[in-house]
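Visitor: So here's query.txt, just compact mmCIF, C-alpha atoms and all ligand atoms:
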```txt
# COMPACT_ATOMS: atom_id res chain seq x y z
CA MET A 5 328.28 27.98 209.11
CA PHE A 6 327.53 26.64 212.57
CA LYS A 7 324.11 27.60 213.83
CA ARG A 8 324.60 29.67 216.94
CA ARG A 9 322.70 28.35 219.92
CA LEU A 10 322.93 31.31 222.26
CA PHE A 11 320.11 33.50 221.10
CA LYS A 12 316.36 33.14 221.50
CA LEU A 13 313.59 34.66 219.43
CA GLU A 14 313.45 37.81 221.58
CA HIS A 15 317.15 38.46 221.00
CA GLU A 16 316.74 38.06 217.25
CA GLN A 17 313.75 40.40 217.25
CA PHE A 18 315.83 42.93 219.14
CA ARG A 19 318.61 42.41 216.55
CA ASP A 20 316.19 43.53 213.84
CA VAL A 21 315.40 46.68 215.86
CA VAL A 22 319.10 47.47 216.27
CA ARG A 23 319.84 46.90 212.58
CA ALA A 24 316.97 49.18 211.59
CA PHE A 25 318.25 51.82 214.02
CA ILE A 26 321.75 51.66 212.52
CA ASP A 27 320.39 51.96 208.97
CA ARG A 28 318.21 54.91 209.90
CA GLU A 29 320.23 56.86 212.45
CA ILE A 30 323.89 56.01 211.78
CA ARG A 31 324.53 54.86 208.21
CA PRO A 32 323.54 58.13 206.48
CA TYR A 33 325.64 60.32 208.80
CA HIS A 34 328.72 58.35 209.78
CA HIS A 35 330.86 59.74 206.98
CA GLN A 36 330.30 63.28 208.24
CA TRP A 37 330.93 62.24 211.84
CA GLU A 38 334.32 60.89 210.74
CA LYS A 39 335.17 64.41 209.61
CA ASP A 40 333.77 65.86 212.86
CA GLN A 41 335.72 63.24 214.90
CA ILE A 42 332.69 62.84 217.14
CA VAL A 43 329.06 61.69 217.00
CA PRO A 44 326.28 64.12 218.02
CA ARG A 45 324.72 63.90 221.49
CA ASP A 46 321.39 63.53 219.84
CA LEU A 47 322.40 60.04 218.67
CA TRP A 48 322.85 58.95 222.29
CA LEU A 49 319.36 60.15 223.17
CA LYS A 50 317.90 58.30 220.19
CA ALA A 51 319.80 55.12 221.09
CA GLY A 52 318.48 55.44 224.65
CA GLU A 53 314.97 55.87 223.33
CA ALA A 54 315.39 52.72 221.20
CA GLY A 55 316.41 50.71 224.31
CA MET A 56 319.92 50.09 223.00
CA LEU A 57 321.90 51.49 225.93
CA CYS A 58 322.76 49.45 229.01
CA CYS A 59 320.22 46.68 228.40
CA THR A 60 321.18 44.77 231.56
CA ILE A 61 320.62 47.60 234.05
CA PRO A 62 317.79 46.65 236.44
CA GLU A 63 314.37 48.27 236.12
CA GLU A 64 314.65 50.04 239.47
CA TYR A 65 317.51 52.09 238.00
CA GLY A 66 315.68 52.91 234.79
CA GLY A 67 316.92 49.97 232.72
CA LEU A 68 315.16 47.06 231.10
CA GLY A 69 316.77 44.41 233.30
CA LEU A 70 317.51 42.19 230.30
CA ASP A 71 320.14 39.49 230.02
CA TYR A 72 323.66 40.14 228.73
CA LEU A 73 322.80 38.77 225.28
CA PHE A 74 320.84 41.94 224.53
CA ASP A 75 324.02 43.97 225.04
CA VAL A 76 325.85 41.42 222.89
CA VAL A 77 323.32 41.99 220.10
CA VAL A 78 324.05 45.75 220.18
CA PHE A 79 327.83 45.20 220.12
CA GLU A 80 327.56 42.66 217.31
CA GLU A 81 325.31 44.74 215.11
CA MET A 82 327.50 47.81 215.56
CA ALA A 83 330.50 45.65 214.60
CA ARG A 84 328.68 44.17 211.62
CA SER A 85 327.77 47.64 210.36
CA GLY A 86 331.41 48.75 210.37
CA PHE A 87 330.44 52.04 212.04
CA THR A 88 332.78 52.58 214.94
CA GLY A 89 331.90 56.16 215.91
CA PRO A 90 329.36 55.61 218.68
CA GLY A 91 331.18 54.63 221.87
CA PHE A 92 328.26 52.60 223.14
CA MET A 93 330.36 49.64 224.23
CA ILE A 94 332.42 51.57 226.77
CA HIS A 95 329.35 53.40 228.04
CA CYS A 96 327.27 50.24 228.49
CA ASP A 97 329.65 47.40 229.06
CA LEU A 98 332.09 49.22 231.28
CA VAL A 99 330.95 52.47 232.83
CA ALA A 100 327.34 51.48 233.55
CA THR A 101 328.35 48.08 234.85
CA TYR A 102 331.01 49.63 237.11
CA VAL A 103 328.30 51.86 238.61
CA ASN A 104 325.83 49.00 238.86
CA SER A 105 328.30 46.48 240.31
CA PHE A 106 330.29 48.68 242.68
CA GLY A 107 328.20 51.83 243.21
CA SER A 108 326.26 52.82 246.31
CA GLU A 109 322.48 52.95 246.14
CA ALA A 110 322.64 56.75 245.80
CA GLN A 111 325.22 56.54 242.99
CA ARG A 112 323.13 54.02 241.09
CA ARG A 113 319.98 56.07 241.44
CA HIS A 114 321.74 59.22 240.35
CA TRP A 115 323.64 57.99 237.29
CA LEU A 116 322.08 54.86 235.86
CA PRO A 117 318.68 56.21 234.70
CA LYS A 118 320.48 59.01 232.83
CA MET A 119 322.93 56.56 231.27
CA VAL A 120 320.13 54.29 230.07
CA LYS A 121 318.41 57.27 228.41
CA GLY A 122 321.64 58.53 226.84
CA GLU A 123 321.39 61.76 228.84
CA ALA A 124 324.67 61.07 230.63
CA ILE A 125 327.52 59.66 228.53
CA GLY A 126 330.11 57.54 230.33
CA SER A 127 333.87 57.23 229.96
CA LEU A 128 336.58 55.28 231.73
CA GLY A 129 339.70 57.14 232.78
CA MET A 130 342.61 54.83 233.52
CA THR A 131 345.44 55.49 231.06
CA GLU A 132 347.93 58.31 231.66
CA PRO A 133 350.67 59.57 229.35
CA HIS A 134 353.33 57.51 231.15
CA ALA A 135 351.15 54.57 232.33
CA GLY A 136 348.96 52.40 230.10
CA SER A 137 349.71 48.70 230.38
CA ASP A 138 351.25 49.30 233.80
CA LEU A 139 348.22 50.80 235.51
CA ARG A 140 349.76 50.47 238.94
CA ASN A 141 351.92 53.45 238.06
CA ILE A 142 349.19 56.04 237.59
CA ARG A 143 349.94 59.40 239.20
CA THR A 144 346.65 61.35 239.15
CA ARG A 145 346.27 62.17 242.85
CA ALA A 146 343.16 62.38 245.04
CA VAL A 147 343.79 63.95 248.46
CA LEU A 148 341.23 64.05 251.24
CA ASP A 149 340.28 67.58 252.33
CA GLY A 150 337.38 67.65 254.82
CA ASP A 151 334.47 65.82 253.21
CA HIS A 152 335.90 66.20 249.70
CA TYR A 153 338.77 64.76 247.69
CA VAL A 154 340.90 67.13 245.64
CA ILE A 155 342.02 65.61 242.34
CA ASP A 156 345.03 66.72 240.27
CA GLY A 157 346.53 65.00 237.25
CA GLN A 158 345.82 63.98 233.69
CA LYS A 159 344.56 61.13 231.53
CA VAL A 160 345.05 60.33 227.87
CA PHE A 161 343.46 58.24 225.09
CA ILE A 162 340.06 58.42 226.81
CA SER A 163 337.22 57.18 224.59
CA ASN A 164 334.12 59.41 224.82
CA GLY A 165 336.44 61.95 226.45
CA GLN A 166 334.98 64.96 224.64
CA SER A 167 331.39 63.96 225.17
CA CYS A 168 331.36 62.33 228.61
CA ASP A 169 329.27 63.61 231.51
CA LEU A 170 330.45 60.90 233.87
CA MET A 171 333.87 59.41 234.20
CA VAL A 172 334.98 56.41 236.21
CA LEU A 173 338.34 57.85 237.19
CA ALA A 174 341.32 55.90 238.54
CA THR A 175 343.34 57.96 241.04
CA ARG A 176 346.17 57.49 243.50
CA THR A 177 345.15 58.00 247.12
CA SER A 178 348.30 56.53 248.64
CA ALA A 179 351.90 56.52 247.48
CA SER A 180 353.04 53.75 249.79
CA ASP A 181 351.49 50.78 247.97
CA LEU A 182 351.31 50.95 244.16
CA GLN A 183 348.39 48.56 243.87
CA LYS A 184 346.44 49.25 247.05
CA GLY A 185 346.93 53.00 246.64
CA ILE A 186 344.49 53.22 243.71
CA THR A 187 340.94 54.47 244.25
CA LEU A 188 338.10 54.98 241.77
CA PHE A 189 335.77 57.99 241.70
CA LEU A 190 332.62 58.78 239.76
CA VAL A 191 333.48 62.20 238.44
CA ASP A 192 330.79 64.58 237.25
CA THR A 193 332.55 66.31 234.37
CA SER A 194 330.59 69.55 234.82
CA LEU A 195 332.57 70.24 238.02
CA PRO A 196 335.11 73.08 237.98
CA GLY A 197 338.64 71.77 237.63
CA PHE A 198 337.80 69.26 234.90
CA THR A 199 339.16 70.31 231.50
CA ARG A 200 339.00 68.54 228.17
CA GLY A 201 342.17 68.70 226.09
CA ARG A 202 342.60 67.79 222.43
CA ASN A 203 340.31 65.40 220.63
CA LEU A 204 343.16 63.22 219.40
CA GLU A 205 343.53 62.51 215.68
CA LYS A 206 343.75 58.77 215.16
CA LEU A 207 344.67 56.16 212.57
CA GLY A 208 341.16 54.67 212.76
CA LEU A 209 337.94 54.96 214.79
CA LYS A 210 337.69 58.36 213.11
CA ALA A 211 334.21 59.23 214.32
CA GLN A 212 334.91 58.27 217.93
CA ASP A 213 336.20 61.02 220.22
CA THR A 214 339.37 60.09 222.08
CA SER A 215 340.84 62.71 224.38
CA GLU A 216 343.37 63.92 226.79
CA LEU A 217 341.78 65.20 229.99
CA PHE A 218 343.08 67.38 232.81
CA PHE A 219 342.17 67.66 236.49
CA GLU A 220 343.26 70.69 238.42
CA ASN A 221 342.09 71.22 241.96
CA LEU A 222 338.96 69.26 241.09
CA ARG A 223 336.91 68.82 244.27
CA VAL A 224 334.63 65.80 244.38
CA PRO A 225 332.55 64.86 247.42
CA ALA A 226 333.82 61.82 249.32
CA SER A 227 330.49 60.19 248.44
CA ALA A 228 331.66 60.09 244.79
CA MET A 229 334.16 57.36 245.65
CA LEU A 230 333.36 54.08 243.87
CA GLY A 231 333.96 51.08 246.12
CA GLY A 232 336.29 51.64 249.06
CA GLU A 233 339.50 53.59 249.29
CA GLY A 234 342.38 51.55 247.88
CA GLN A 235 340.09 49.09 246.09
CA GLY A 236 340.44 50.64 242.64
CA PHE A 237 342.97 48.20 241.20
CA HIS A 238 341.03 45.21 242.45
CA LEU A 239 337.78 46.55 240.94
CA MET A 240 339.42 47.32 237.61
CA MET A 241 340.85 43.79 237.43
CA GLN A 242 337.38 42.37 238.11
CA LYS A 243 335.93 44.21 235.10
CA LEU A 244 338.78 43.65 232.69
CA ALA A 245 337.58 40.14 231.78
CA GLN A 246 334.23 41.59 230.74
CA GLU A 247 335.91 44.32 228.69
CA ARG A 248 338.11 41.76 226.96
CA LEU A 249 335.19 39.52 226.18
CA ALA A 250 333.37 42.48 224.58
CA GLN A 251 336.39 43.12 222.38
CA ALA A 252 336.48 39.47 221.34
CA ILE A 253 332.76 39.67 220.50
CA ARG A 254 333.42 42.67 218.30
CA SER A 255 336.40 41.03 216.58
CA ALA A 256 334.54 37.78 215.90
CA MET A 257 331.75 39.70 214.19
CA VAL A 258 334.09 41.92 212.17
CA ALA A 259 335.99 38.86 210.92
CA GLU A 260 332.79 37.15 209.75
CA THR A 261 331.42 40.29 208.16
CA VAL A 262 334.56 41.22 206.27
CA ILE A 263 334.71 37.70 204.82
CA GLU A 264 331.10 38.11 203.62
CA TRP A 265 331.90 41.46 201.99
CA THR A 266 334.89 39.87 200.28
CA VAL A 267 333.00 36.85 198.98
CA ASP A 268 330.44 39.21 197.41
CA TYR A 269 333.15 41.37 195.87
CA VAL A 270 335.36 38.65 194.41
CA ALA A 271 332.35 36.90 192.90
CA GLN A 272 331.75 39.99 190.73
CA ARG A 273 335.15 41.49 190.07
CA LYS A 274 336.82 40.22 186.90
CA ALA A 275 340.46 39.87 185.82
CA PHE A 276 342.02 37.83 183.02
CA GLY A 277 338.56 36.84 181.79
CA LYS A 278 337.46 35.27 185.08
CA THR A 279 336.10 36.46 188.37
CA ILE A 280 338.63 36.91 191.17
CA ALA A 281 336.68 34.15 192.95
CA ASP A 282 337.65 31.74 190.18
CA PHE A 283 341.33 31.91 191.13
CA GLN A 284 342.30 29.07 193.38
CA ASN A 285 344.35 31.44 195.52
CA THR A 286 341.20 33.41 196.35
CA ARG A 287 339.19 30.34 197.28
CA PHE A 288 341.98 28.83 199.36
CA LYS A 289 342.59 32.08 201.17
CA LEU A 290 338.90 32.58 201.95
CA ALA A 291 338.54 28.93 202.94
CA GLU A 292 341.30 29.32 205.53
CA LEU A 293 339.92 32.58 206.89
CA LYS A 294 336.37 31.25 207.07
CA THR A 295 337.55 28.20 209.00
CA GLU A 296 339.44 30.34 211.48
CA ALA A 297 336.52 32.76 211.85
CA THR A 298 334.28 29.79 212.64
CA ILE A 299 336.70 28.54 215.29
CA GLY A 300 336.76 32.07 216.71
CA ARG A 301 332.98 32.17 216.73
CA VAL A 302 332.68 28.89 218.64
CA PHE A 303 335.23 30.00 221.24
CA THR A 304 333.66 33.45 221.63
CA ASP A 305 330.19 32.02 222.14
CA GLU A 306 331.57 29.59 224.70
CA CYS A 307 333.13 32.54 226.56
CA ILE A 308 329.83 34.44 226.45
CA GLU A 309 328.11 31.44 228.00
CA ARG A 310 330.77 31.15 230.68
CA PHE A 311 330.52 34.86 231.42
CA MET A 312 326.75 34.63 231.84
CA ALA A 313 327.22 31.69 234.20
CA GLY A 314 329.75 33.71 236.23
CA GLU A 315 332.53 31.36 235.13
CA LEU A 316 334.65 33.43 232.76
CA ASN A 317 338.07 33.89 234.34
CA GLU A 318 340.77 36.34 233.36
CA VAL A 319 342.77 33.71 231.47
CA ASP A 320 339.83 32.63 229.28
CA ALA A 321 339.09 36.29 228.57
CA ALA A 322 342.73 37.00 227.75
CA MET A 323 342.86 34.03 225.34
CA ALA A 324 339.67 35.17 223.65
CA LYS A 325 340.88 38.75 223.31
CA MET A 326 344.33 37.77 222.07
CA TRP A 327 343.22 35.19 219.54
CA LEU A 328 340.26 37.14 218.16
CA SER A 329 342.23 40.41 217.95
CA ASN A 330 344.96 38.72 215.92
CA LEU A 331 342.38 37.04 213.69
CA HIS A 332 340.48 40.32 213.24
CA CYS A 333 343.59 42.14 211.98
CA ARG A 334 344.69 39.29 209.74
CA VAL A 335 341.27 38.77 208.16
CA VAL A 336 340.90 42.46 207.39
CA ASP A 337 344.39 42.62 205.90
CA GLU A 338 344.06 39.49 203.76
CA CYS A 339 340.57 40.39 202.58
CA LEU A 340 341.61 43.92 201.66
CA GLN A 341 344.24 42.35 199.43
CA LEU A 342 341.49 40.61 197.47
CA PHE A 343 339.79 43.97 196.86
CA GLY A 344 342.93 45.31 195.18
CA GLY A 345 343.12 49.11 194.92
CA TRP A 346 339.43 49.55 195.64
CA GLY A 347 340.04 48.12 199.08
CA TYR A 348 342.31 51.05 199.80
CA MET A 349 339.57 53.59 198.99
CA TRP A 350 337.59 55.02 201.89
CA GLU A 351 334.36 54.62 199.93
CA TYR A 352 334.71 50.86 200.43
CA PRO A 353 333.89 49.76 204.01
CA ILE A 354 336.86 47.39 204.01
CA ALA A 355 339.19 50.43 204.04
CA ARG A 356 337.57 51.71 207.23
CA ALA A 357 337.61 48.20 208.72
CA TYR A 358 341.36 48.02 208.03
CA ALA A 359 342.05 51.36 209.73
CA ASP A 360 339.78 50.49 212.65
CA ALA A 361 341.24 47.04 213.19
CA ARG A 362 344.70 47.97 214.43
CA ILE A 363 343.55 49.24 217.81
CA VAL A 364 342.27 45.85 218.93
CA LYS A 365 345.81 44.59 219.51
CA ILE A 366 346.57 47.56 221.77
CA ALA A 367 343.62 48.89 223.80
CA GLY A 368 341.92 47.13 226.68
CA GLY A 369 345.14 45.21 227.34
CA SER A 370 347.66 44.68 224.54
CA ILE A 371 348.42 41.34 222.93
CA GLU A 372 351.63 41.15 224.95
CA ILE A 373 349.77 41.70 228.23
CA MET A 374 347.29 38.96 227.25
CA LYS A 375 350.23 36.60 226.65
CA HIS A 376 351.65 37.60 230.00
CA ILE A 377 348.37 36.69 231.76
CA ILE A 378 348.03 33.38 229.92
CA GLY A 379 351.71 32.48 230.37
CA ARG A 380 351.62 33.30 234.08
CA SER A 381 348.62 31.01 234.55
CA LEU A 382 350.53 28.07 233.03
CA PHE A 383 353.23 28.25 235.67
CA SER A 384 351.31 29.48 238.70
CA GLY A 385 350.52 25.97 239.95
CA LEU A 386 353.99 24.60 239.24
CA ARG A 387 355.54 25.33 242.63
CA THR A 388 352.56 23.85 244.43
CA ARG A 389 352.69 20.71 242.27
CA ALA A 390 356.43 20.33 242.82
CA SER A 391 356.24 20.60 246.60
C1 LIG B 401 341.84 54.53 220.44
C2 LIG B 401 342.18 54.25 221.87
C3 LIG B 401 341.16 54.26 222.81
C4 LIG B 401 341.47 54.06 224.17
N1 LIG B 401 340.47 54.17 225.11
C5 LIG B 401 340.82 54.18 226.42
C6 LIG B 401 339.84 54.50 227.42
O1 LIG B 401 338.67 54.75 227.13
N2 LIG B 401 340.25 54.53 228.71
C7 LIG B 401 341.54 54.27 229.08
O2 LIG B 401 341.82 54.32 230.26
N3 LIG B 401 342.48 53.94 228.16
C8 LIG B 401 342.14 53.91 226.84
N4 LIG B 401 343.10 53.61 225.90
C9 LIG B 401 344.46 53.28 226.33
C10 LIG B 401 344.85 51.84 226.11
O3 LIG B 401 344.19 50.99 227.00
C11 LIG B 401 346.38 51.79 226.21
O4 LIG B 401 346.89 52.42 225.05
C12 LIG B 401 346.90 50.38 226.35
O5 LIG B 401 346.57 49.84 227.60
C13 LIG B 401 348.43 50.33 226.17
O6 LIG B 401 349.05 51.26 227.00
P1 LIG B 401 350.13 52.29 226.39
O7 LIG B 401 349.53 52.91 225.20
O8 LIG B 401 350.60 53.18 227.47
O9 LIG B 401 351.32 51.39 225.89
P2 LIG B 401 352.57 50.86 226.80
O10 LIG B 401 352.04 50.33 228.09
O11 LIG B 401 353.60 51.93 226.85
O12 LIG B 401 353.09 49.66 225.91
C14 LIG B 401 353.93 49.84 224.77
C15 LIG B 401 354.26 48.47 224.21
O13 LIG B 401 354.97 47.72 225.20
C16 LIG B 401 354.33 46.49 225.44
N5 LIG B 401 354.43 46.09 226.84
C17 LIG B 401 354.07 46.81 227.93
N6 LIG B 401 354.25 46.07 229.05
C18 LIG B 401 354.75 44.87 228.64
C19 LIG B 401 355.14 43.67 229.32
N7 LIG B 401 355.04 43.55 230.65
N8 LIG B 401 355.60 42.65 228.58
C20 LIG B 401 355.71 42.76 227.24
N9 LIG B 401 355.35 43.85 226.54
C21 LIG B 401 354.87 44.89 227.24
C22 LIG B 401 352.88 46.74 225.06
O14 LIG B 401 352.20 45.56 224.75
C23 LIG B 401 353.03 47.65 223.86
O15 LIG B 401 353.25 46.87 222.72
C24 LIG B 401 342.81 53.78 224.55
C25 LIG B 401 343.81 53.73 223.58
C26 LIG B 401 343.52 53.99 222.27
C27 LIG B 401 344.66 54.00 221.27
```
Take the structure in the file and give it back as structure tokens.
Guide:
Amino acid sequence: MFKRRLFKLEHEQFRDVVRAFIDREIRPYHHQWEKDQIVPRDLWLKAGEAGMLCCTIPEEYGGLGLDYLFDVVVFEEMARSGFTGPGFMIHCDLVATYVNSFGSEAQRRHWLPKMVKGEAIGSLGMTEPHAGSDLRNIRTRAVLDGDHYVIDGQKVFISNGQSCDLMVLATRTSASDLQKGITLFLVDTSLPGFTRGRNLEKLGLKAQDTSELFFENLRVPASAMLGGEGQGFHLMMQKLAQERLAQAIRSAMVAETVIEWTVDYVAQRKAFGKTIADFQNTRFKLAELKTEATIGRVFTDECIERFMAGELNEVDAAMAKMWLSNLHCRVVDECLQLFGGWGYMWEYPIARAYADARIVKIAGGSIEIMKHIIGRSLFSGLRTRAS
């Protein structure tokens, strides 16, 4: 295994803290949370207390002002554990960074300290029943009325939807231009007119709440707008590379971890008087997967470095997300095969990893949308070169 060069001693010490937190506060309860389809609020407060939420938020807004690698450590250790209930990644990597990057001083001071402590849980409301990949077609309307906007519409598939106190909400403020008619708001979910619908039953991510949400005559002050009117699409595009990188980080870690679980299992399990590891098929299969996971690791770490240097563009992020998502699903599938029937049993973590894997090819930009972005980039300079 390549020695990773990204992390310093302080990151590794923090990794130990995060692992201990997961063993103490998540591992014993996750099975029950899968039945509840949600994690308790108390967990968020404990994670905040342990310094695991929104590590990069500056000290003046209640954070620790640490570098991005501290967030990476949290995402990686959650991925390594196989416990997908806590929606920390969306809260930290997306919602808090939207507020920090695009929010006014008053918005930052109001929301960020609570998000760091786990007192306010964040969600991101983009997808609607008829518009997911094609975000330009969202219909949830925000209409100016005096010094307020009145919001009507609905969202679906929203992670942390049942538990969120704050939502970064994408709305339509103008019908004339699909792209420039989109505006973001920071919605306080305690306001009248905000209603939570069903906590949707899913194939995987069983302990994570994922909801439909409704907005009816919801009045938000104009000061709740995030960025300027009509800038929503532009702001969302700016953050998508970061979201896609986070998903690649998660997939790279899941792939490595599942291979480790499988090596341990096949070394013990016997058939036909040998261990499963003694079959050449097993060794060849694991050799291929390990090689690909290592390639994925090197690429992911390179993207992390580029991101921290402000150099990760949307094409790099799309390639990372696409390649690592495909690898993630394939590794989990092929490794489960080596577990035989036990791999299909929920008591084995590989079964949960299999159910949880499928989403990575869909959410945060599907594989096809990633190909679209990468493909477009190949031809964008062609006309200029030809002329
Ligand atoms: C568990 C889960 C959690 C989620 N969390 C959130 C969240 O917190 N916030 C949020 O806003 N959304 C969330 N989503 C929504 C997610 O981002 C969307 O499901 C995703 O963007 C795809 O949109 P869609 O489901 O409408 O599929 P569609 O856009 O209808 O796509 C259907 C199929 O068509 C393909 N397709 C679409 N356009 C093209 C094209 N141009 N070329 C080729 N193929 C194309 C897609 O790749 C896909 O295979 C979540 C979804 C799930 C399942």
Visitor: Collect all residues with atoms no farther than 8 Å from ligand LIG 401 (chain B), counting all atoms listed in the file, and output them as a VMD selection string.
Guide: chain A and resid 94 127 to 138 159 to 165 206 208 to 209 214 363 366 to 373 376
Visitor: What's around A:Asp75 at 10 Å? Count all atoms listed in the file, leave out sequence neighbours fewer than 5 positions away in its own chain, and write the answer as number ranges by chain.
Guide: A: 15, 56-60, 70, 80, 92-93, 96-97, 250
Visitor: With 12 Å as the cut-off and all atoms listed in the file counted, what is the closest atom pair between each nearby residue of stretch 113-169 of chain A and stretch 181-190 of chain A? Distances in Å to one decimal, ordered by chain and number, as JSON lines.
Guide:
```
{"residue": "A:His114", "atom": "CA", "partner": "A:Leu190", "partner_atom": "CA", "distance": 10.9}
{"residue": "A:Trp115", "atom": "CA", "partner": "A:Leu190", "partner_atom": "CA", "distance": 9.3}
{"residue": "A:Leu116", "atom": "CA", "partner": "A:Leu190", "partner_atom": "CA", "distance": 11.9}
{"residue": "A:Gly126", "atom": "CA", "partner": "A:Leu190", "partner_atom": "CA", "distance": 9.8}
{"residue": "A:Ser127", "atom": "CA", "partner": "A:Leu190", "partner_atom": "CA", "distance": 10.0}
{"residue": "A:Leu128", "atom": "CA", "partner": "A:Leu190", "partner_atom": "CA", "distance": 9.6}
{"residue": "A:Gly129", "atom": "CA", "partner": "A:Leu188", "partner_atom": "CA", "distance": 9.4}
{"residue": "A:Met130", "atom": "CA", "partner": "A:Leu188", "partner_atom": "CA", "distance": 9.4}
{"residue": "A:Asp138", "atom": "CA", "partner": "A:Leu182", "partner_atom": "CA", "distance": 10.5}
{"residue": "A:Leu139", "atom": "CA", "partner": "A:Gln183", "partner_atom": "CA", "distance": 8.7}
{"residue": "A:Arg140", "atom": "CA", "partner": "A:Gln183", "partner_atom": "CA", "distance": 5.5}
{"residue": "A:Asn141", "atom": "CA", "partner": "A:Leu182", "partner_atom": "CA", "distance": 6.6}
{"residue": "A:Ile142", "atom": "CA", "partner": "A:Ile186", "partner_atom": "CA", "distance": 8.2}
{"residue": "A:Arg143", "atom": "CA", "partner": "A:Ile186", "partner_atom": "CA", "distance": 9.4}
{"residue": "A:Thr144", "atom": "CA", "partner": "A:Ile186", "partner_atom": "CA", "distance": 9.6}
{"residue": "A:Arg145", "atom": "CA", "partner": "A:Ile186", "partner_atom": "CA", "distance": 9.2}
{"residue": "A:Ala146", "atom": "CA", "partner": "A:Thr187", "partner_atom": "CA", "distance": 8.3}
{"residue": "A:Val147", "atom": "CA", "partner": "A:Thr187", "partner_atom": "CA", "distance": 10.8}
{"residue": "A:Leu148", "atom": "CA", "partner": "A:Thr187", "partner_atom": "CA", "distance": 11.9}
{"residue": "A:His152", "atom": "CA", "partner": "A:Phe189", "partner_atom": "CA", "distance": 11.5}
{"residue": "A:Tyr153", "atom": "CA", "partner": "A:Phe189", "partner_atom": "CA", "distance": 9.5}
{"residue": "A:Val154", "atom": "CA", "partner": "A:Phe189", "partner_atom": "CA", "distance": 11.2}
{"residue": "A:Ile155", "atom": "CA", "partner": "A:Phe189", "partner_atom": "CA", "distance": 9.9}
{"residue": "A:Cys168", "atom": "CA", "partner": "A:Leu190", "partner_atom": "CA", "distance": 11.8}
{"residue": "A:Asp169", "atom": "CA", "partner": "A:Leu190", "partner_atom": "CA", "distance": 10.1}
```
Visitor: Mind pulling up the distance from atom CA of A:Trp37 to atom CA of A:Trp350?
Guide: 14.0 Å
Visitor: Hey, which of A:Ala256, A:Ser167, A:Glu296, A:Arg176 ends up closest to A:Gly201? Count all atoms listed in the file.
Guide: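 Looking only at the distances to A:Gly201, the closest residue turns out to be A:Ser167.
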Visitor: Can you work out which one of A:Thr88, A:Thr175, A:Ser108, A:Asn317 has the shortest atom-to-atom distance to A:Arg254, counting all atoms listed in the file?
Guide: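 Nearest to A:Arg254: A:Thr88.
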Visitor: From the list A:Pro117, A:Gly91, A:Gly157, A:Gly236, which residue is nearest A:Ile42 when using only C-alpha atoms?
Guide: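 Of the candidates, the smallest distance to A:Ile42 is held by A:Gly91.
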Visitor: Taking into account all atoms listed in the file, which residue in the set A:Arg301, A:Ala321, A:Val191, A:Gly347 is nearest to A:Lys7?
Guide: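 Selected residue with least distance to A:Lys7: A:Arg301.
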Visitor: From the list A:Ser85, A:Thr101, A:Ser194, A:Gln36, which residue is nearest A:Gly67 when using all atoms listed in the file?
Guide: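 Selected residue with least distance to A:Gly67: A:Thr101.
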Visitor: Starting from the point (338.7, 33.2, 226.7), work out which residues of protein, DNA or RNA have an atom no more than 12 Å away when counting only C-alpha atoms; state them as a PyMOL selection string.
Guide: chain A and resi 245-253+300-311+315-329+374+377-378
Visitor: I'd like the interatomic distance between atom CA of A:Ala357 and atom CA of A:Phe74, to a tenth of an Å.
Guide: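 These atoms are spaced 23.9 Å apart.
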Visitor: So how far away is atom CA of A:Arg19 from atom CA of A:Arg334, in Å?
Guide: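 Going from atom CA of A:Arg334 over to atom CA of A:Arg19, I get 27.1 Å.
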Visitor: Edge lengths and centre, in Å to one decimal, as lines of an AutoDock Vina configuration file: that's what I need for the box along x, y and z that holds all listed atoms of stretch 88-97 of chain A plus 8 Å on each side.
Guide:
```
center_x = 330.0
center_y = 51.8
center_z = 222.0
size_x = 21.5
size_y = 24.8
size_z = 30.1
```
